[in-house]
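Trainee: What follows is a single structure, and I will ask about it in a moment.
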Amino acid sequence: MTNDTSLPGLDRLLTTCEKYSVQVNTRKPWGGASAAGTLLWGLPLDPILAAFYSRLGGLHLDFDLFVEPCDEQVNGILMANEEVQPYWPEPFRSLVIFGCREASAYRYATVPSLADAQGLQPVVKVDPYEDFYALPIASNVDRFFDTYARYLELVYMDPEIREDRGAWPVFPWDVPELIATDRTLMNMLVEGRFDFLMFREGADAQRTHKEIREWIAQLRAASP
């Protein structure tokens, strides 16, 4: 996969932001963008992320999604992983962080160990708070952008929700119908390929396990 790969999910996200006047900050393309498979923190860079950085040097949606900036002076992905990876337990050290939810410790990351035949890595949202776990949210990075675009469409098409930030559905917990449209992701989920990131040992994690299993049941019910 080359760095001129089309990214329809990213295009949809940017179009959605323009349509609903969501403040978007981008950076100029990373002229020296790393090639797919380049090792960052000892882990391979996802091909779609490589393509993303050849188009944009970063992405910031107002009070929401933040994709790490990268250019000739700053390698945000490398810095983000260096900042937290030494303190994360296994198996979370084997993820590649590429973004976050602004003003929180939630991280978006790819899973190199679950890459497909093309090297495309699925995306998870990491919750490093009380019960450390990660939820699968997309089968690849561009699908993540597409799903997030549809999430914003859901929010901004409803005036009552749009104007009350506290009424926004929590991504991805409250939008299983959006996540479930990703059939590749759902197949992986049903096969149990993400279990090592969702279900950790220990009595303290049982409540979280119950919530995750209920969420998976919602996904399966919503799956087309």
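Residue numbering restarts at 1 in every chain; chains get A, B, ... in the order shown in the structure tokens, and ligands count up from 1 in that same order.
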Which residues are close to A:Pro89, i.e. within 12 Å by only C-alpha atoms, leaving aside same-chain residues fewer than 5 positions away? Reply as a list in words.

Mentor: Val84, Ser94, Leu95, Pro128, Asp131, Phe132, Tyr133, Leu197 and Arg200 of chain A

Trainee: Just write the chosen residues, N, CA, C and O atoms, as a compact mmCIF listing (two decimals), in the first residue's frame.

Mentor:
```txt
# COMPACT_ATOMS: atom_id res chain seq x y z
N VAL A 84 3.68 6.99 27.43
CA VAL A 84 2.85 6.11 28.26
C VAL A 84 3.24 4.64 28.21
O VAL A 84 3.01 3.90 29.18
N SER A 94 1.95 -3.55 23.34
CA SER A 94 2.06 -4.01 21.96
C SER A 94 1.11 -3.27 21.02
O SER A 94 0.89 -3.71 19.89
N LEU A 95 0.54 -2.16 21.49
CA LEU A 95 -0.32 -1.31 20.67
C LEU A 95 0.46 -0.10 20.20
O LEU A 95 1.45 0.29 20.83
N PRO A 128 -7.28 3.41 30.21
CA PRO A 128 -6.24 3.06 31.18
C PRO A 128 -6.59 3.46 32.61
O PRO A 128 -5.72 3.53 33.47
N ASP A 131 -10.02 -0.01 35.51
CA ASP A 131 -9.86 -1.35 34.93
C ASP A 131 -9.29 -1.21 33.53
O ASP A 131 -9.99 -0.82 32.60
N PHE A 132 -8.02 -1.51 33.39
CA PHE A 132 -7.31 -1.31 32.12
C PHE A 132 -7.86 -2.27 31.07
O PHE A 132 -7.82 -3.48 31.23
N TYR A 133 -8.38 -1.73 29.96
CA TYR A 133 -8.88 -2.57 28.88
C TYR A 133 -8.93 -1.75 27.60
O TYR A 133 -8.71 -0.53 27.61
N LEU A 197 -7.44 -8.16 24.96
CA LEU A 197 -7.42 -6.73 25.30
C LEU A 197 -8.64 -6.31 26.11
O LEU A 197 -8.60 -5.29 26.81
N ARG A 200 -9.37 -8.95 31.23
CA ARG A 200 -8.16 -9.18 32.02
C ARG A 200 -8.50 -9.94 33.29
O ARG A 200 -9.63 -9.87 33.79
```

Trainee: Extract the full set of alpha helix (DSSP H) residues from stretch 71-193 of chain A according to DSSP on the backbone, and format it as an MDAnalysis selection string.

Mentor: chainID A and resid 76:84 141:156 159:162 176:179 183:190

Trainee: Go through A:Asp195, A:Asp146, A:Asp158, A:Glu163 and flag the residue nearest A:Asp182, using only C-alpha atoms for the distances.

Mentor: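 For A:Asp182, the nearest of the candidates is A:Asp146.
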
Trainee: Would you please work out which residue, of A:Tyr129, A:Tyr148, A:Phe194, A:Phe92, is nearest to A:Thr16 when using only C-alpha atoms?

Mentor: A:Tyr148

Trainee: Provide the atom CA of A:Ala180 to atom CA of A:Ile216 distance in Å, to one decimal place.

Mentor: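 Separation of atom CA of A:Ala180 and atom CA of A:Ile216: 9.4 Å.
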
Trainee: Could you give me, as a CSV table (one decimal) with all heavy atoms, in the first residue's frame, the residues within 10 Å of A:Gln218, counting only C-alpha atoms and dropping anything in the same chain fewer than 6 positions from it?

Mentor:
```csv
chain,number,residue,atom,x,y,z
A,173,TRP,N,-19.3,3.3,23.4
A,173,TRP,CA,-20.3,2.6,24.2
A,173,TRP,C,-21.7,2.8,23.8
A,173,TRP,O,-22.5,1.8,23.8
A,173,TRP,CB,-20.1,3.0,25.7
A,173,TRP,CG,-18.9,2.5,26.4
A,173,TRP,CD1,-17.8,3.1,26.7
A,173,TRP,CD2,-18.8,1.1,26.9
A,173,TRP,NE1,-16.9,2.3,27.4
A,173,TRP,CE2,-17.5,1.1,27.5
A,173,TRP,CE3,-19.6,0.0,26.9
A,173,TRP,CZ2,-17.0,-0.1,28.1
A,173,TRP,CZ3,-19.1,-1.2,27.5
A,173,TRP,CH2,-17.8,-1.2,28.1
A,174,ASP,N,-22.1,4.0,23.5
A,174,ASP,CA,-23.5,4.4,23.2
A,174,ASP,C,-23.9,4.3,21.8
A,174,ASP,O,-25.0,4.6,21.4
A,174,ASP,CB,-23.8,5.8,23.8
A,174,ASP,CG,-23.7,5.9,25.3
A,174,ASP,OD1,-23.7,4.8,25.9
A,174,ASP,OD2,-23.6,7.0,25.8
A,175,VAL,N,-23.0,3.8,20.9
A,175,VAL,CA,-23.3,3.8,19.5
A,175,VAL,C,-23.0,2.4,18.9
A,175,VAL,O,-22.3,2.3,17.8
A,175,VAL,CB,-22.6,4.9,18.7
A,175,VAL,CG1,-23.2,6.3,19.0
A,175,VAL,CG2,-21.1,4.9,19.0
A,176,PRO,N,-23.5,1.3,19.5
A,176,PRO,CA,-23.1,0.0,18.9
A,176,PRO,C,-23.6,-0.2,17.5
A,176,PRO,O,-23.0,-0.9,16.7
A,176,PRO,CB,-23.8,-1.0,19.9
A,176,PRO,CG,-24.9,-0.1,20.5
A,176,PRO,CD,-24.3,1.2,20.7
A,177,GLU,N,-24.7,0.5,17.1
A,177,GLU,CA,-25.2,0.4,15.8
A,177,GLU,C,-24.3,0.9,14.7
A,177,GLU,O,-24.3,0.4,13.6
A,177,GLU,CB,-26.6,1.1,15.7
A,177,GLU,CG,-26.5,2.6,15.7
A,177,GLU,CD,-26.4,3.2,17.1
A,177,GLU,OE1,-26.3,2.4,18.1
A,177,GLU,OE2,-26.5,4.4,17.3
A,180,ALA,N,-21.2,-1.8,14.7
A,180,ALA,CA,-21.6,-3.1,14.2
A,180,ALA,C,-21.7,-3.2,12.7
A,180,ALA,O,-21.7,-4.3,12.1
A,180,ALA,CB,-23.0,-3.5,14.8
A,212,ILE,N,-18.7,-5.1,29.3
A,212,ILE,CA,-18.2,-5.3,27.9
A,212,ILE,C,-19.0,-6.4,27.3
A,212,ILE,O,-19.3,-6.3,26.1
A,212,ILE,CB,-16.7,-5.7,28.0
A,212,ILE,CG1,-15.8,-4.5,28.4
A,212,ILE,CG2,-16.2,-6.2,26.6
A,212,ILE,CD1,-14.4,-4.8,28.6
```

Trainee: If you measure from atom CA of A:Ser139 to atom CA of A:Asp116, what distance in Å do you get, rounded to one decimal?

Mentor: 9.3 Å

Trainee: DSSP on the backbone: which residues in stretch 28-160 of chain A end up as strand (DSSP E or B)? Give the answer as an MDAnalysis selection string.

Mentor: chainID A and resid 39:40 43:44 59:61 65:67 70 75 96:101 107:110 123:127 133:138

Trainee: With N, CA and C atoms retained, write the just-selected residues as a tab-separated table (two decimals), in the first residue's frame.

Mentor:
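Contents of again29.tsv, freshly written:
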```tsv
chain	number	residue	atom	x	y	z
A	39	LEU	N	9.33	0.91	11.93
A	39	LEU	CA	9.20	0.60	13.35
A	39	LEU	C	9.15	1.88	14.18
A	40	LEU	N	8.11	1.99	14.98
A	40	LEU	CA	7.96	3.08	15.94
A	40	LEU	C	7.76	2.43	17.31
A	43	LEU	N	7.43	-1.18	16.97
A	43	LEU	CA	6.22	-1.76	16.38
A	43	LEU	C	5.98	-1.15	15.01
A	44	PRO	N	5.41	-1.92	14.06
A	44	PRO	CA	5.27	-1.44	12.68
A	44	PRO	C	4.17	-0.38	12.53
A	59	LEU	N	-4.42	16.01	13.00
A	59	LEU	CA	-5.83	16.36	12.92
A	59	LEU	C	-6.35	16.61	14.33
A	60	HIS	N	-7.08	17.72	14.49
A	60	HIS	CA	-7.66	18.04	15.79
A	60	HIS	C	-9.07	18.56	15.59
A	61	LEU	N	-10.06	17.80	16.09
A	61	LEU	CA	-11.44	18.24	16.06
A	61	LEU	C	-11.76	18.89	17.40
A	65	LEU	N	-11.72	14.61	18.92
A	65	LEU	CA	-10.68	13.71	18.42
A	65	LEU	C	-9.37	14.45	18.15
A	66	PHE	N	-8.28	13.85	18.57
A	66	PHE	CA	-6.95	14.41	18.35
A	66	PHE	C	-6.06	13.32	17.79
A	67	VAL	N	-5.57	13.52	16.56
A	67	VAL	CA	-4.62	12.60	15.94
A	67	VAL	C	-3.24	13.24	16.02
A	70	CYS	N	2.62	15.08	13.31
A	70	CYS	CA	3.94	14.61	12.89
A	70	CYS	C	4.45	15.50	11.75
A	75	ASN	N	7.70	14.19	15.95
A	75	ASN	CA	7.07	12.91	15.65
A	75	ASN	C	6.12	12.60	16.80
A	96	VAL	N	0.01	0.50	19.11
A	96	VAL	CA	0.63	1.73	18.61
A	96	VAL	C	-0.37	2.87	18.75
A	97	ILE	N	-0.11	3.76	19.69
A	97	ILE	CA	-0.99	4.91	19.92
A	97	ILE	C	-0.84	5.90	18.78
A	98	PHE	N	-1.98	6.38	18.27
A	98	PHE	CA	-1.91	7.41	17.22
A	98	PHE	C	-2.79	8.61	17.53
A	99	GLY	N	-3.61	8.53	18.56
A	99	GLY	CA	-4.49	9.65	18.88
A	99	GLY	C	-5.11	9.50	20.25
A	100	CYS	N	-5.98	10.43	20.57
A	100	CYS	CA	-6.60	10.41	21.88
A	100	CYS	C	-7.92	11.16	21.86
A	101	ARG	N	-8.65	11.04	22.94
A	101	ARG	CA	-9.79	11.90	23.19
A	101	ARG	C	-9.26	13.06	24.01
A	107	ARG	N	-6.98	6.66	24.84
A	107	ARG	CA	-6.10	6.65	23.68
A	107	ARG	C	-6.70	5.80	22.56
A	108	TYR	N	-6.45	6.22	21.33
A	108	TYR	CA	-6.78	5.42	20.16
A	108	TYR	C	-5.49	4.79	19.66
A	109	ALA	N	-5.56	3.50	19.36
A	109	ALA	CA	-4.34	2.78	18.99
A	109	ALA	C	-4.64	1.69	17.98
A	110	THR	N	-3.63	1.32	17.21
A	110	THR	CA	-3.74	0.19	16.31
A	110	THR	C	-3.16	-1.05	16.99
A	123	VAL	N	-8.36	-0.95	14.97
A	123	VAL	CA	-8.24	0.16	15.91
A	123	VAL	C	-9.01	-0.14	17.19
A	124	VAL	N	-8.43	0.21	18.32
A	124	VAL	CA	-9.09	0.06	19.62
A	124	VAL	C	-9.04	1.38	20.38
A	125	LYS	N	-9.97	1.54	21.30
A	125	LYS	CA	-9.94	2.66	22.23
A	125	LYS	C	-9.48	2.12	23.57
A	126	VAL	N	-8.39	2.65	24.08
A	126	VAL	CA	-7.79	2.15	25.32
A	126	VAL	C	-8.29	2.98	26.50
A	127	ASP	N	-8.78	2.28	27.50
A	127	ASP	CA	-9.20	2.90	28.75
A	127	ASP	C	-8.20	2.50	29.82
A	133	TYR	N	-8.38	-1.73	29.96
A	133	TYR	CA	-8.88	-2.57	28.88
A	133	TYR	C	-8.93	-1.75	27.60
A	134	ALA	N	-9.21	-2.42	26.48
A	134	ALA	CA	-9.36	-1.74	25.20
A	134	ALA	C	-10.56	-2.30	24.47
A	135	LEU	N	-11.34	-1.42	23.84
A	135	LEU	CA	-12.50	-1.83	23.06
A	135	LEU	C	-12.20	-1.74	21.57
A	136	PRO	N	-12.52	-2.78	20.81
A	136	PRO	CA	-12.34	-2.72	19.35
A	136	PRO	C	-13.38	-1.80	18.73
A	137	ILE	N	-12.94	-0.89	17.85
A	137	ILE	CA	-13.90	0.06	17.28
A	137	ILE	C	-13.85	0.14	15.76
A	138	ALA	N	-12.83	-0.42	15.12
A	138	ALA	CA	-12.78	-0.38	13.66
A	138	ALA	C	-11.79	-1.42	13.15
```

Trainee: Do you know which residues are at most 12 Å from A:Tyr20 counting only C-alpha atoms, after dropping those on the same chain fewer than 3 positions away, and could you put them as a PDB file with all heavy atoms, in the first residue's frame?

Mentor:
```pdb
ATOM      1  N   LEU A  13     -15.047  12.229   7.012  1.00  0.00           N
ATOM      2  CA  LEU A  13     -14.910  12.932   8.284  1.00  0.00           C
ATOM      3  C   LEU A  13     -14.704  14.427   8.057  1.00  0.00           C
ATOM      4  O   LEU A  13     -15.351  15.266   8.697  1.00  0.00           O
ATOM      5  CB  LEU A  13     -13.748  12.343   9.078  1.00  0.00           C
ATOM      6  CG  LEU A  13     -13.439  13.004  10.427  1.00  0.00           C
ATOM      7  CD1 LEU A  13     -14.645  12.971  11.352  1.00  0.00           C
ATOM      8  CD2 LEU A  13     -12.237  12.334  11.083  1.00  0.00           C
ATOM      9  N   LEU A  14     -13.826  14.785   7.140  1.00  0.00           N
ATOM     10  CA  LEU A  14     -13.551  16.196   6.874  1.00  0.00           C
ATOM     11  C   LEU A  14     -14.773  16.885   6.267  1.00  0.00           C
ATOM     12  O   LEU A  14     -15.083  18.040   6.607  1.00  0.00           O
ATOM     13  CB  LEU A  14     -12.345  16.322   5.947  1.00  0.00           C
ATOM     14  CG  LEU A  14     -11.012  15.831   6.525  1.00  0.00           C
ATOM     15  CD1 LEU A  14      -9.906  15.905   5.468  1.00  0.00           C
ATOM     16  CD2 LEU A  14     -10.610  16.638   7.762  1.00  0.00           C
ATOM     17  N   THR A  15     -15.484  16.185   5.391  1.00  0.00           N
ATOM     18  CA  THR A  15     -16.695  16.743   4.793  1.00  0.00           C
ATOM     19  C   THR A  15     -17.773  16.961   5.850  1.00  0.00           C
ATOM     20  O   THR A  15     -18.481  17.982   5.845  1.00  0.00           O
ATOM     21  CB  THR A  15     -17.228  15.813   3.686  1.00  0.00           C
ATOM     22  OG1 THR A  15     -16.246  15.685   2.661  1.00  0.00           O
ATOM     23  CG2 THR A  15     -18.515  16.360   3.088  1.00  0.00           C
ATOM     24  N   THR A  16     -17.908  16.012   6.757  1.00  0.00           N
ATOM     25  CA  THR A  16     -18.892  16.120   7.835  1.00  0.00           C
ATOM     26  C   THR A  16     -18.580  17.311   8.732  1.00  0.00           C
ATOM     27  O   THR A  16     -19.480  18.068   9.120  1.00  0.00           O
ATOM     28  CB  THR A  16     -18.919  14.833   8.669  1.00  0.00           C
ATOM     29  OG1 THR A  16     -19.303  13.736   7.833  1.00  0.00           O
ATOM     30  CG2 THR A  16     -19.894  14.946   9.833  1.00  0.00           C
ATOM     31  N   CYS A  17     -17.312  17.488   9.048  1.00  0.00           N
ATOM     32  CA  CYS A  17     -16.915  18.616   9.888  1.00  0.00           C
ATOM     33  C   CYS A  17     -17.226  19.944   9.191  1.00  0.00           C
ATOM     34  O   CYS A  17     -17.697  20.899   9.826  1.00  0.00           O
ATOM     35  CB  CYS A  17     -15.433  18.529  10.223  1.00  0.00           C
ATOM     36  SG  CYS A  17     -15.019  17.182  11.357  1.00  0.00           S
ATOM     37  N   GLN A  23     -15.101  22.776  14.294  1.00  0.00           N
ATOM     38  CA  GLN A  23     -13.771  23.367  14.160  1.00  0.00           C
ATOM     39  C   GLN A  23     -12.730  22.266  13.954  1.00  0.00           C
ATOM     40  O   GLN A  23     -12.630  21.332  14.741  1.00  0.00           O
ATOM     41  CB  GLN A  23     -13.414  24.192  15.391  1.00  0.00           C
ATOM     42  CG  GLN A  23     -12.068  24.884  15.289  1.00  0.00           C
ATOM     43  CD  GLN A  23     -11.774  25.757  16.488  1.00  0.00           C
ATOM     44  OE1 GLN A  23     -12.684  26.191  17.183  1.00  0.00           O
ATOM     45  NE2 GLN A  23     -10.500  26.002  16.743  1.00  0.00           N
ATOM     46  N   VAL A  24     -11.968  22.393  12.883  1.00  0.00           N
ATOM     47  CA  VAL A  24     -10.946  21.403  12.546  1.00  0.00           C
ATOM     48  C   VAL A  24      -9.610  22.094  12.362  1.00  0.00           C
ATOM     49  O   VAL A  24      -9.510  23.079  11.630  1.00  0.00           O
ATOM     50  CB  VAL A  24     -11.296  20.645  11.240  1.00  0.00           C
ATOM     51  CG1 VAL A  24     -10.208  19.637  10.900  1.00  0.00           C
ATOM     52  CG2 VAL A  24     -12.642  19.961  11.364  1.00  0.00           C
ATOM     53  N   LEU A  61     -10.056  17.796  16.087  1.00  0.00           N
ATOM     54  CA  LEU A  61     -11.445  18.239  16.058  1.00  0.00           C
ATOM     55  C   LEU A  61     -11.762  18.890  17.396  1.00  0.00           C
ATOM     56  O   LEU A  61     -11.472  18.322  18.449  1.00  0.00           O
ATOM     57  CB  LEU A  61     -12.396  17.057  15.827  1.00  0.00           C
ATOM     58  CG  LEU A  61     -12.129  16.176  14.610  1.00  0.00           C
ATOM     59  CD1 LEU A  61     -13.272  15.195  14.423  1.00  0.00           C
ATOM     60  CD2 LEU A  61     -11.936  17.010  13.356  1.00  0.00           C
ATOM     61  N   ALA A 149     -17.025   9.837  11.637  1.00  0.00           N
ATOM     62  CA  ALA A 149     -17.818  10.784  10.853  1.00  0.00           C
ATOM     63  C   ALA A 149     -19.304  10.522  11.067  1.00  0.00           C
ATOM     64  O   ALA A 149     -20.099  11.463  11.267  1.00  0.00           O
ATOM     65  CB  ALA A 149     -17.460  10.678   9.373  1.00  0.00           C
ATOM     66  N   LEU A 152     -20.411  11.804  14.423  1.00  0.00           N
ATOM     67  CA  LEU A 152     -20.647  13.244  14.417  1.00  0.00           C
ATOM     68  C   LEU A 152     -21.951  13.590  13.697  1.00  0.00           C
ATOM     69  O   LEU A 152     -22.686  14.494  14.128  1.00  0.00           O
ATOM     70  CB  LEU A 152     -19.477  13.974  13.767  1.00  0.00           C
ATOM     71  CG  LEU A 152     -18.148  13.958  14.532  1.00  0.00           C
ATOM     72  CD1 LEU A 152     -17.079  14.717  13.753  1.00  0.00           C
ATOM     73  CD2 LEU A 152     -18.310  14.552  15.933  1.00  0.00           C
ATOM     74  N   GLU A 153     -22.253  12.877  12.621  1.00  0.00           N
ATOM     75  CA  GLU A 153     -23.525  13.099  11.921  1.00  0.00           C
ATOM     76  C   GLU A 153     -24.697  12.824  12.848  1.00  0.00           C
ATOM     77  O   GLU A 153     -25.687  13.583  12.876  1.00  0.00           O
ATOM     78  CB  GLU A 153     -23.599  12.205  10.686  1.00  0.00           C
ATOM     79  CG  GLU A 153     -22.610  12.579   9.582  1.00  0.00           C
ATOM     80  CD  GLU A 153     -22.460  11.505   8.532  1.00  0.00           C
ATOM     81  OE1 GLU A 153     -23.111  10.441   8.649  1.00  0.00           O
ATOM     82  OE2 GLU A 153     -21.660  11.713   7.601  1.00  0.00           O
ATOM     83  N   LEU A 154     -24.592  11.755  13.617  1.00  0.00           N
ATOM     84  CA  LEU A 154     -25.642  11.400  14.569  1.00  0.00           C
ATOM     85  C   LEU A 154     -25.845  12.518  15.589  1.00  0.00           C
ATOM     86  O   LEU A 154     -26.983  12.883  15.925  1.00  0.00           O
ATOM     87  CB  LEU A 154     -25.269  10.093  15.286  1.00  0.00           C
ATOM     88  CG  LEU A 154     -26.228   9.583  16.366  1.00  0.00           C
ATOM     89  CD1 LEU A 154     -27.527   9.103  15.735  1.00  0.00           C
ATOM     90  CD2 LEU A 154     -25.568   8.443  17.150  1.00  0.00           C
ATOM     91  N   VAL A 155     -24.743  13.064  16.078  1.00  0.00           N
ATOM     92  CA  VAL A 155     -24.811  14.120  17.085  1.00  0.00           C
ATOM     93  C   VAL A 155     -25.370  15.419  16.515  1.00  0.00           C
ATOM     94  O   VAL A 155     -26.287  16.031  17.075  1.00  0.00           O
ATOM     95  CB  VAL A 155     -23.406  14.368  17.688  1.00  0.00           C
ATOM     96  CG1 VAL A 155     -23.397  15.651  18.518  1.00  0.00           C
ATOM     97  CG2 VAL A 155     -22.963  13.177  18.529  1.00  0.00           C
ATOM     98  N   TYR A 156     -24.831  15.840  15.390  1.00  0.00           N
ATOM     99  CA  TYR A 156     -25.154  17.172  14.880  1.00  0.00           C
ATOM    100  C   TYR A 156     -26.482  17.237  14.139  1.00  0.00           C
ATOM    101  O   TYR A 156     -27.031  18.331  13.937  1.00  0.00           O
ATOM    102  CB  TYR A 156     -24.019  17.676  13.988  1.00  0.00           C
ATOM    103  CG  TYR A 156     -22.858  18.211  14.785  1.00  0.00           C
ATOM    104  CD1 TYR A 156     -21.803  17.382  15.156  1.00  0.00           C
ATOM    105  CD2 TYR A 156     -22.827  19.535  15.201  1.00  0.00           C
ATOM    106  CE1 TYR A 156     -20.744  17.866  15.905  1.00  0.00           C
ATOM    107  CE2 TYR A 156     -21.778  20.039  15.947  1.00  0.00           C
ATOM    108  CZ  TYR A 156     -20.733  19.193  16.295  1.00  0.00           C
ATOM    109  OH  TYR A 156     -19.694  19.682  17.051  1.00  0.00           O
ATOM    110  N   MET A 157     -27.048  16.097  13.738  1.00  0.00           N
ATOM    111  CA  MET A 157     -28.344  16.121  13.082  1.00  0.00           C
ATOM    112  C   MET A 157     -29.488  16.315  14.076  1.00  0.00           C
ATOM    113  O   MET A 157     -30.607  16.622  13.687  1.00  0.00           O
ATOM    114  CB  MET A 157     -28.560  14.828  12.273  1.00  0.00           C
ATOM    115  CG  MET A 157     -27.791  14.805  10.961  1.00  0.00           C
ATOM    116  SD  MET A 157     -28.295  13.450   9.853  1.00  0.00           S
ATOM    117  CE  MET A 157     -27.871  12.009  10.841  1.00  0.00           C
ATOM    118  N   ASP A 158     -29.205  16.118  15.366  1.00  0.00           N
ATOM    119  CA  ASP A 158     -30.221  16.301  16.405  1.00  0.00           C
ATOM    120  C   ASP A 158     -29.915  17.586  17.163  1.00  0.00           C
ATOM    121  O   ASP A 158     -28.970  17.623  17.959  1.00  0.00           O
ATOM    122  CB  ASP A 158     -30.215  15.107  17.367  1.00  0.00           C
ATOM    123  CG  ASP A 158     -31.376  15.146  18.347  1.00  0.00           C
ATOM    124  OD1 ASP A 158     -31.761  16.254  18.768  1.00  0.00           O
ATOM    125  OD2 ASP A 158     -31.886  14.066  18.701  1.00  0.00           O
ATOM    126  N   PRO A 159     -30.700  18.661  16.958  1.00  0.00           N
ATOM    127  CA  PRO A 159     -30.401  19.953  17.601  1.00  0.00           C
ATOM    128  C   PRO A 159     -30.328  19.868  19.117  1.00  0.00           C
ATOM    129  O   PRO A 159     -29.498  20.539  19.744  1.00  0.00           O
ATOM    130  CB  PRO A 159     -31.567  20.840  17.148  1.00  0.00           C
ATOM    131  CG  PRO A 159     -32.064  20.203  15.899  1.00  0.00           C
ATOM    132  CD  PRO A 159     -31.872  18.732  16.085  1.00  0.00           C
ATOM    133  N   ARG A 162     -26.992  18.223  19.919  1.00  0.00           N
ATOM    134  CA  ARG A 162     -25.878  19.051  19.447  1.00  0.00           C
ATOM    135  C   ARG A 162     -25.564  20.185  20.404  1.00  0.00           C
ATOM    136  O   ARG A 162     -24.401  20.496  20.670  1.00  0.00           O
ATOM    137  CB  ARG A 162     -26.217  19.612  18.062  1.00  0.00           C
ATOM    138  CG  ARG A 162     -25.126  20.490  17.468  1.00  0.00           C
ATOM    139  CD  ARG A 162     -25.540  20.993  16.106  1.00  0.00           C
ATOM    140  NE  ARG A 162     -26.684  21.878  16.186  1.00  0.00           N
ATOM    141  CZ  ARG A 162     -27.763  21.784  15.424  1.00  0.00           C
ATOM    142  NH1 ARG A 162     -27.875  20.823  14.526  1.00  0.00           N
ATOM    143  NH2 ARG A 162     -28.756  22.644  15.536  1.00  0.00           N
TER     144      ARG A 162
END
```
